[in-house]
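Data block for protein_14.pdb (PDB, C-alpha atoms):
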```
ATOM      1  CA  MET Y   1      14.578 -21.958  15.093
ATOM      2  CA  VAL Y   2      17.450 -19.467  14.994
ATOM      3  CA  ASP Y   3      20.681 -20.042  13.105
ATOM      4  CA  THR Y   4      23.443 -18.030  14.754
ATOM      5  CA  GLY Y   5      25.990 -18.711  12.046
ATOM      6  CA  ASN Y   6      27.251 -16.053   9.688
ATOM      7  CA  ASN Y   7      27.374 -16.527   5.955
ATOM      8  CA  GLU Y   8      29.281 -14.885   3.140
ATOM      9  CA  GLU Y   9      26.394 -12.542   2.273
ATOM     10  CA  GLY Y  10      26.714 -10.721   5.586
ATOM     11  CA  PHE Y  11      23.253 -11.557   6.884
ATOM     12  CA  GLY Y  12      24.477 -13.284  10.055
ATOM     13  CA  THR Y  13      21.781 -14.427  12.480
ATOM     14  CA  PHE Y  14      18.424 -15.107  10.924
ATOM     15  CA  VAL Y  15      15.033 -16.313  11.993
ATOM     16  CA  SER Y  16      13.603 -19.580  10.720
ATOM     17  CA  LEU Y  17      10.067 -19.980   9.457
ATOM     18  CA  SER Y  18       8.541 -23.210   8.236
ATOM     19  CA  GLN Y  19       6.254 -22.923   5.240
ATOM     20  CA  TYR Y  20       4.736 -26.367   5.716
ATOM     21  CA  THR Y  21       4.196 -26.625   9.452
ATOM     22  CA  ARG Y  22       4.150 -23.259  11.152
ATOM     23  CA  HIS Y  23       6.059 -20.010  11.047
ATOM     24  CA  GLU Y  24       8.356 -19.670  14.046
ATOM     25  CA  PHE Y  25      10.801 -17.330  15.671
ATOM     26  CA  GLY Y  26      13.208 -18.687  18.239
ATOM     27  CA  SER Y  27      12.286 -17.687  21.777
ATOM     28  CA  GLN Y  28      15.403 -15.526  22.076
ATOM     29  CA  THR Y  29      14.145 -13.209  19.332
ATOM     30  CA  THR Y  30      10.954 -11.967  20.943
ATOM     31  CA  LYS Y  31      11.980  -9.391  23.533
ATOM     32  CA  LYS Y  32      14.637  -7.115  22.008
ATOM     33  CA  LEU Y  33      13.300  -3.599  21.631
ATOM     34  CA  ARG Y  34      15.809  -1.827  19.481
ATOM     35  CA  ARG Y  35      15.464  -0.517  15.995
ATOM     36  CA  VAL Y  36      18.364  -1.224  13.702
ATOM     37  CA  GLN Y  37      18.592   1.096  10.733
ATOM     38  CA  ALA Y  38      21.259   3.304   9.247
ATOM     39  CA  ALA Y  39      20.397   6.992   9.449
ATOM     40  CA  GLY Y  40      21.900   8.446   6.250
ATOM     41  CA  ARG Y  41      20.364   9.263   2.921
ATOM     42  CA  VAL Y  42      20.549   6.770   0.084
ATOM     43  CA  ALA Y  43      20.470   6.954  -3.702
ATOM     44  CA  LEU Y  44      18.141   4.972  -5.932
ATOM     45  CA  ILE Y  45      21.063   3.037  -7.423
ATOM     46  CA  GLU Y  46      22.321   1.687  -4.080
ATOM     47  CA  PRO Y  47      21.730  -1.958  -3.112
ATOM     48  CA  ALA Y  48      18.276  -2.642  -1.671
ATOM     49  CA  ALA Y  49      19.787  -4.244   1.435
ATOM     50  CA  CYS Y  50      21.014  -0.833   2.625
ATOM     51  CA  VAL Y  51      17.397   0.201   3.420
ATOM     52  CA  MET Y  52      16.286  -3.133   4.879
ATOM     53  CA  THR Y  53      15.949  -3.718   8.608
ATOM     54  CA  ASN Y  54      18.292  -6.691   8.778
ATOM     55  CA  PHE Y  55      17.491  -9.225  11.490
ATOM     56  CA  ALA Y  56      21.181 -10.145  11.653
ATOM     57  CA  SER Y  57      21.663  -6.799  13.411
ATOM     58  CA  GLY Y  58      18.564  -6.894  15.588
ATOM     59  CA  SER Y  59      15.639  -9.166  16.251
ATOM     60  CA  PRO Y  60      12.097  -8.425  15.163
ATOM     61  CA  VAL Y  61       9.726  -7.084  17.786
ATOM     62  CA  THR Y  62       6.748  -9.378  18.379
ATOM     63  CA  ILE Y  63       3.380  -9.382  20.116
ATOM     64  CA  THR Y  64       0.756 -12.060  20.743
ATOM     65  CA  VAL Y  65      -2.383 -12.141  18.594
ATOM     66  CA  ASP Y  66      -4.609 -11.846  21.652
ATOM     67  CA  SER Y  67      -2.947  -8.622  22.843
ATOM     68  CA  LEU Y  68      -5.016  -5.458  22.631
ATOM     69  CA  ILE Y  69      -4.232  -3.088  19.775
ATOM     70  CA  ASP Y  70      -3.586  -0.214  22.187
ATOM     71  CA  ASP Y  71      -0.875  -2.347  23.839
ATOM     72  CA  ALA Y  72       0.564  -3.079  20.395
ATOM     73  CA  LEU Y  73       0.696   0.631  19.605
ATOM     74  CA  LEU Y  74       2.452   1.379  22.902
ATOM     75  CA  LEU Y  75       4.998  -1.354  22.168
ATOM     76  CA  MET Y  76       5.627   0.129  18.713
ATOM     77  CA  ILE Y  77       6.246   3.540  20.264
ATOM     78  CA  LYS Y  78       8.577   2.097  22.900
ATOM     79  CA  ALA Y  79      10.519   0.031  20.335
ATOM     80  CA  ARG Y  80      10.456   2.848  17.764
ATOM     81  CA  VAL Y  81       9.019   0.605  15.050
ATOM     82  CA  ARG Y  82       5.884   0.714  12.931
ATOM     83  CA  ALA Y  83       5.256  -3.021  12.646
ATOM     84  CA  LEU Y  84       5.192  -6.050  14.929
ATOM     85  CA  PHE Y  85       5.168  -9.724  14.013
ATOM     86  CA  ALA Y  86       2.033 -11.289  15.528
ATOM     87  CA  MET Y  87       2.584 -14.550  17.395
ATOM     88  CA  ARG Y  88       0.382 -17.424  18.561
ATOM     89  CA  GLY Y  89       2.636 -19.322  20.951
ATOM     90  CA  GLU Y  90       5.925 -19.741  19.101
ATOM     91  CA  ALA Y  91       4.265 -19.453  15.669
ATOM     92  CA  VAL Y  92       4.335 -16.295  13.590
ATOM     93  CA  VAL Y  93       0.834 -15.777  12.225
ATOM     94  CA  GLY Y  94       0.901 -12.246  10.823
ATOM     95  CA  LEU Y  95       2.066  -8.656  10.920
ATOM     96  CA  ILE Y  96       0.352  -5.678  12.518
ATOM     97  CA  THR Y  97       1.336  -2.124  11.640
ATOM     98  CA  SER Y  98       0.606   1.277  13.090
ATOM     99  CA  TYR Y  99      -1.421   1.912   9.917
ATOM    100  CA  ASP Y 100      -3.627  -1.087  10.733
ATOM    101  CA  ILE Y 101      -4.295   0.300  14.213
ATOM    102  CA  LEU Y 102      -4.670   4.002  13.376
ATOM    103  CA  GLY Y 103      -6.291   3.658   9.948
ATOM    104  CA  ALA Y 104      -9.601   2.318   8.689
ATOM    105  CA  ARG Y 105      -9.189  -1.337   9.736
ATOM    106  CA  VAL Y 106     -10.282  -0.885  13.351
ATOM    107  CA  PRO Y 107     -13.506   1.042  12.578
ATOM    108  CA  GLN Y 108     -14.298  -1.433   9.780
ATOM    109  CA  PHE Y 109     -13.769  -4.370  12.118
ATOM    110  CA  LEU Y 110     -15.870  -2.776  14.883
ATOM    111  CA  LYS Y 111     -18.831  -2.291  12.500
ATOM    112  CA  GLY Y 112     -19.349  -5.981  11.960
ATOM    113  CA  SER Y 113     -17.826  -7.463  15.095
ATOM    114  CA  GLY Y 114     -20.351  -6.913  17.816
ATOM    115  CA  LEU Y 115     -17.678  -5.269  19.982
ATOM    116  CA  SER Y 116     -18.536  -1.845  21.304
ATOM    117  CA  SER Y 117     -15.138  -0.218  21.801
ATOM    118  CA  ARG Y 118     -11.710  -0.097  20.181
ATOM    119  CA  SER Y 119     -10.303  -0.951  23.624
ATOM    120  CA  GLU Y 120     -11.629  -4.495  23.075
ATOM    121  CA  VAL Y 121      -9.969  -5.002  19.670
ATOM    122  CA  GLU Y 122      -7.134  -7.525  19.595
ATOM    123  CA  VAL Y 123      -4.116  -7.698  17.285
ATOM    124  CA  GLY Y 124      -5.509 -10.821  15.600
ATOM    125  CA  HIS Y 125      -8.655  -8.962  14.587
ATOM    126  CA  VAL Y 126      -6.898  -6.408  12.357
ATOM    127  CA  MET Y 127      -3.447  -7.807  11.501
ATOM    128  CA  THR Y 128      -2.420  -8.986   8.053
ATOM    129  CA  PRO Y 129      -2.250 -12.794   8.157
ATOM    130  CA  TRP Y 130       1.090 -14.398   7.254
ATOM    131  CA  ASP Y 131      -0.252 -15.851   4.000
ATOM    132  CA  ALA Y 132      -1.323 -12.376   2.824
ATOM    133  CA  LEU Y 133       1.971 -10.596   3.572
ATOM    134  CA  PRO Y 134       3.967  -9.256   0.634
ATOM    135  CA  ILE Y 135       7.182 -11.292   0.488
ATOM    136  CA  ILE Y 136      10.524 -10.476  -1.122
ATOM    137  CA  ASP Y 137      12.936 -13.372  -1.531
ATOM    138  CA  VAL Y 138      16.694 -13.236  -0.956
ATOM    139  CA  PRO Y 139      17.689 -13.902  -4.613
ATOM    140  CA  TRP Y 140      15.638 -10.853  -5.661
ATOM    141  CA  LEU Y 141      17.171  -8.838  -2.830
ATOM    142  CA  ALA Y 142      20.703  -9.741  -3.924
ATOM    143  CA  LEU Y 143      20.117  -8.088  -7.322
ATOM    144  CA  ALA Y 144      17.748  -5.264  -6.326
ATOM    145  CA  THR Y 145      18.415  -1.572  -5.851
ATOM    146  CA  VAL Y 146      16.626   0.972  -3.671
ATOM    147  CA  ALA Y 147      14.713   1.987  -6.829
ATOM    148  CA  ASP Y 148      13.435  -1.596  -7.142
ATOM    149  CA  VAL Y 149      12.206  -1.547  -3.539
ATOM    150  CA  ARG Y 150      10.461   1.782  -4.142
ATOM    151  CA  GLU Y 151       8.788   0.291  -7.230
ATOM    152  CA  GLN Y 152       7.585  -2.728  -5.208
ATOM    153  CA  PHE Y 153       5.976  -0.408  -2.647
ATOM    154  CA  GLN Y 154       4.304   1.630  -5.384
ATOM    155  CA  ARG Y 155       3.065  -1.449  -7.270
ATOM    156  CA  LYS Y 156       1.818  -3.386  -4.227
ATOM    157  CA  GLY Y 157       0.467  -0.413  -2.247
ATOM    158  CA  VAL Y 158       1.695  -1.764   1.106
ATOM    159  CA  SER Y 159       3.578  -0.323   4.062
ATOM    160  CA  HIS Y 160       5.984  -3.247   4.666
ATOM    161  CA  LEU Y 161       7.720  -5.992   2.677
ATOM    162  CA  VAL Y 162       9.019  -9.095   4.475
ATOM    163  CA  VAL Y 163      12.310 -10.585   3.253
ATOM    164  CA  VAL Y 164      12.406 -14.391   3.275
ATOM    165  CA  GLU Y 165      14.977 -16.945   2.216
ATOM    166  CA  TYR Y 166      13.348 -20.204   1.150
ATOM    167  CA  GLY Y 167      15.223 -23.155   2.586
ATOM    168  CA  ASP Y 168      15.418 -26.849   1.842
ATOM    169  CA  GLY Y 169      12.907 -29.145   3.494
ATOM    170  CA  GLY Y 170      10.209 -26.492   3.984
ATOM    171  CA  THR Y 171      12.219 -24.275   6.328
ATOM    172  CA  ASP Y 172      12.058 -20.592   5.437
ATOM    173  CA  LEU Y 173      14.283 -17.944   6.992
ATOM    174  CA  VAL Y 174      13.056 -14.418   7.653
ATOM    175  CA  ARG Y 175      16.028 -12.186   6.902
ATOM    176  CA  GLY Y 176      14.493  -8.737   7.393
ATOM    177  CA  ILE Y 177      11.769  -6.254   6.588
ATOM    178  CA  PHE Y 178      11.428  -3.124   4.464
ATOM    179  CA  SER Y 179       9.363  -0.205   5.764
ATOM    180  CA  ARG Y 180       7.913   2.159   3.175
ATOM    181  CA  ALA Y 181       8.168   5.084   5.613
ATOM    182  CA  GLU Y 182      11.840   4.312   6.272
ATOM    183  CA  VAL Y 183      12.658   4.041   2.563
ATOM    184  CA  GLU Y 184      10.869   7.346   1.913
ATOM    185  CA  ARG Y 185      12.778   8.987   4.769
ATOM    186  CA  ARG Y 186      16.122   7.656   3.559
ATOM    187  CA  LEU Y 187      15.402   8.847   0.015
ATOM    188  CA  GLY Y 188      14.155  12.223   1.196
ATOM    189  CA  GLU Y 189      10.920  11.882  -0.777
ATOM    190  CA  ARG Y 190       7.394  10.567  -0.604
ATOM    191  CA  PHE Y 191       6.274   8.160  -3.297
TER     192      PHE Y 191
END
```

What do you get writing this file as structure tokens?
Amino acid sequence: MVDTGNNEEGFGTFVSLSQYTRHEFGSQTTKKLRRVQAAGRVALIEPAACVMTNFASGSPVTITVDSLIDDALLLMIKARVRALFAMRGEAVVGLITSYDILGARVPQFLKGSGLSSRSEVEVGHVMTPWDALPIIDVPWLALATVADVREQFQRKGVSHLVVVEYGDGGTDLVRGIFSRAEVERRLGERF
């Protein structure tokens, strides 16, 4: 479900996820291939939202769980992103990152899988499942600074943080995503 209304917080269009049934993106959100991110440097005291990829400005890039990881990597390169939401039908089931594909997850999976080549590995084999994703909620975001986001990355040891607004009746809205690499770039430092 996609709500195309704007609200006073400036988030605009957002993607609906249901915590109790399944996580969904509206069908219109699955094919846009543009990265939306401001290019300038930021200070630690600035609002966290200034380093978030806001889905009001651009839709998340998605891929199916049964796609091959090499196809996922090519899509990331084409879209100029480092993470894709993994879909099963219209349901969001996880997140796959370039680190998942290029790091230790693929060799670890191949060891115990019975598959003989990385060319056979699918997104669903190495993605982070939705229930294991690190989530930031909108009330936290409203009060947080860039320093707070940096601290979350350091404490959780992850490459991405998903921003969710919890709605009434079990409907959750994905508002955006933070990328550790993007925050580091915008700060001009590695942490």

Resolved residues for the PyMOL selection byres ((chain Y and resi 180) around 7) as number ranges by chain
Y: 153, 159-160, 178-179, 181-184

Could you tell me which residues the PyMOL selection byres ((chain Y and resi 130) around 9) returns for this structure, as a ChimeraX atom specification?
/Y:23,86,92-95,128-129,131-134

Taking 2 positions as the minimum chain separation for residues in the same chain, which residues sit within 10 Å of Glu46 in chain Y when counting all atoms listed in the file? Answer as a list in words.
Val42, Ala43, Leu44, Ala48, Ala49, Cys50, Val51, Ala144, Thr145, Val146, Ala147 and Asp148 of chain Y

Just the selected residues (C-alpha atoms), exported as an mmCIF file, in the coordinates of the input, please.
```cif
data_model
loop_
_atom_site.group_PDB
_atom_site.id
_atom_site.type_symbol
_atom_site.label_atom_id
_atom_site.label_comp_id
_atom_site.auth_asym_id
_atom_site.auth_seq_id
_atom_site.Cartn_x
_atom_site.Cartn_y
_atom_site.Cartn_z
ATOM 1 C CA VAL Y 42 20.549 6.770 0.084
ATOM 2 C CA ALA Y 43 20.470 6.954 -3.702
ATOM 3 C CA LEU Y 44 18.141 4.972 -5.932
ATOM 4 C CA ALA Y 48 18.276 -2.642 -1.671
ATOM 5 C CA ALA Y 49 19.787 -4.244 1.435
ATOM 6 C CA CYS Y 50 21.014 -0.833 2.625
ATOM 7 C CA VAL Y 51 17.397 0.201 3.420
ATOM 8 C CA ALA Y 144 17.748 -5.264 -6.326
ATOM 9 C CA THR Y 145 18.415 -1.572 -5.851
ATOM 10 C CA VAL Y 146 16.626 0.972 -3.671
ATOM 11 C CA ALA Y 147 14.713 1.987 -6.829
ATOM 12 C CA ASP Y 148 13.435 -1.596 -7.142
#
```

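For the atom pair formed by CA of Ile63 in chain Y and CA of Arg150 in chain Y, the distance is 27.6 Å, given to one decimal.
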
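Of note, CA of Val164 in chain Y and CA of Asp137 in chain Y are spaced 4.9 Å apart.
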
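Picture a line from CA of Gln152 in chain Y to CA of Thr64 in chain Y; it runs 28.4 Å.
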
Cut-off 9 Å around (-11.7, -9.7, 22.7) with all atoms listed in the file: residues as a PyMOL selection string
chain Y and resi 66-68+115+119-122+125

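Distances to Ile136 in chain Y were evaluated for Y:Val174, Y:Leu75, Y:Gly169, Y:Gln154 using all atoms listed in the file, and the minimum falls at Y:Val174.
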
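The smallest atom-to-atom distance between Leu102 in chain Y and any of Y:Glu165, Y:Leu73, Y:Asp172, Y:Pro139, using only C-alpha atoms, is found for Y:Leu73.
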
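Closest to Ala83 in chain Y among Y:Val138, Y:Leu143, Y:Val106, Y:Leu161 is Y:Leu161, based on all atoms listed in the file.
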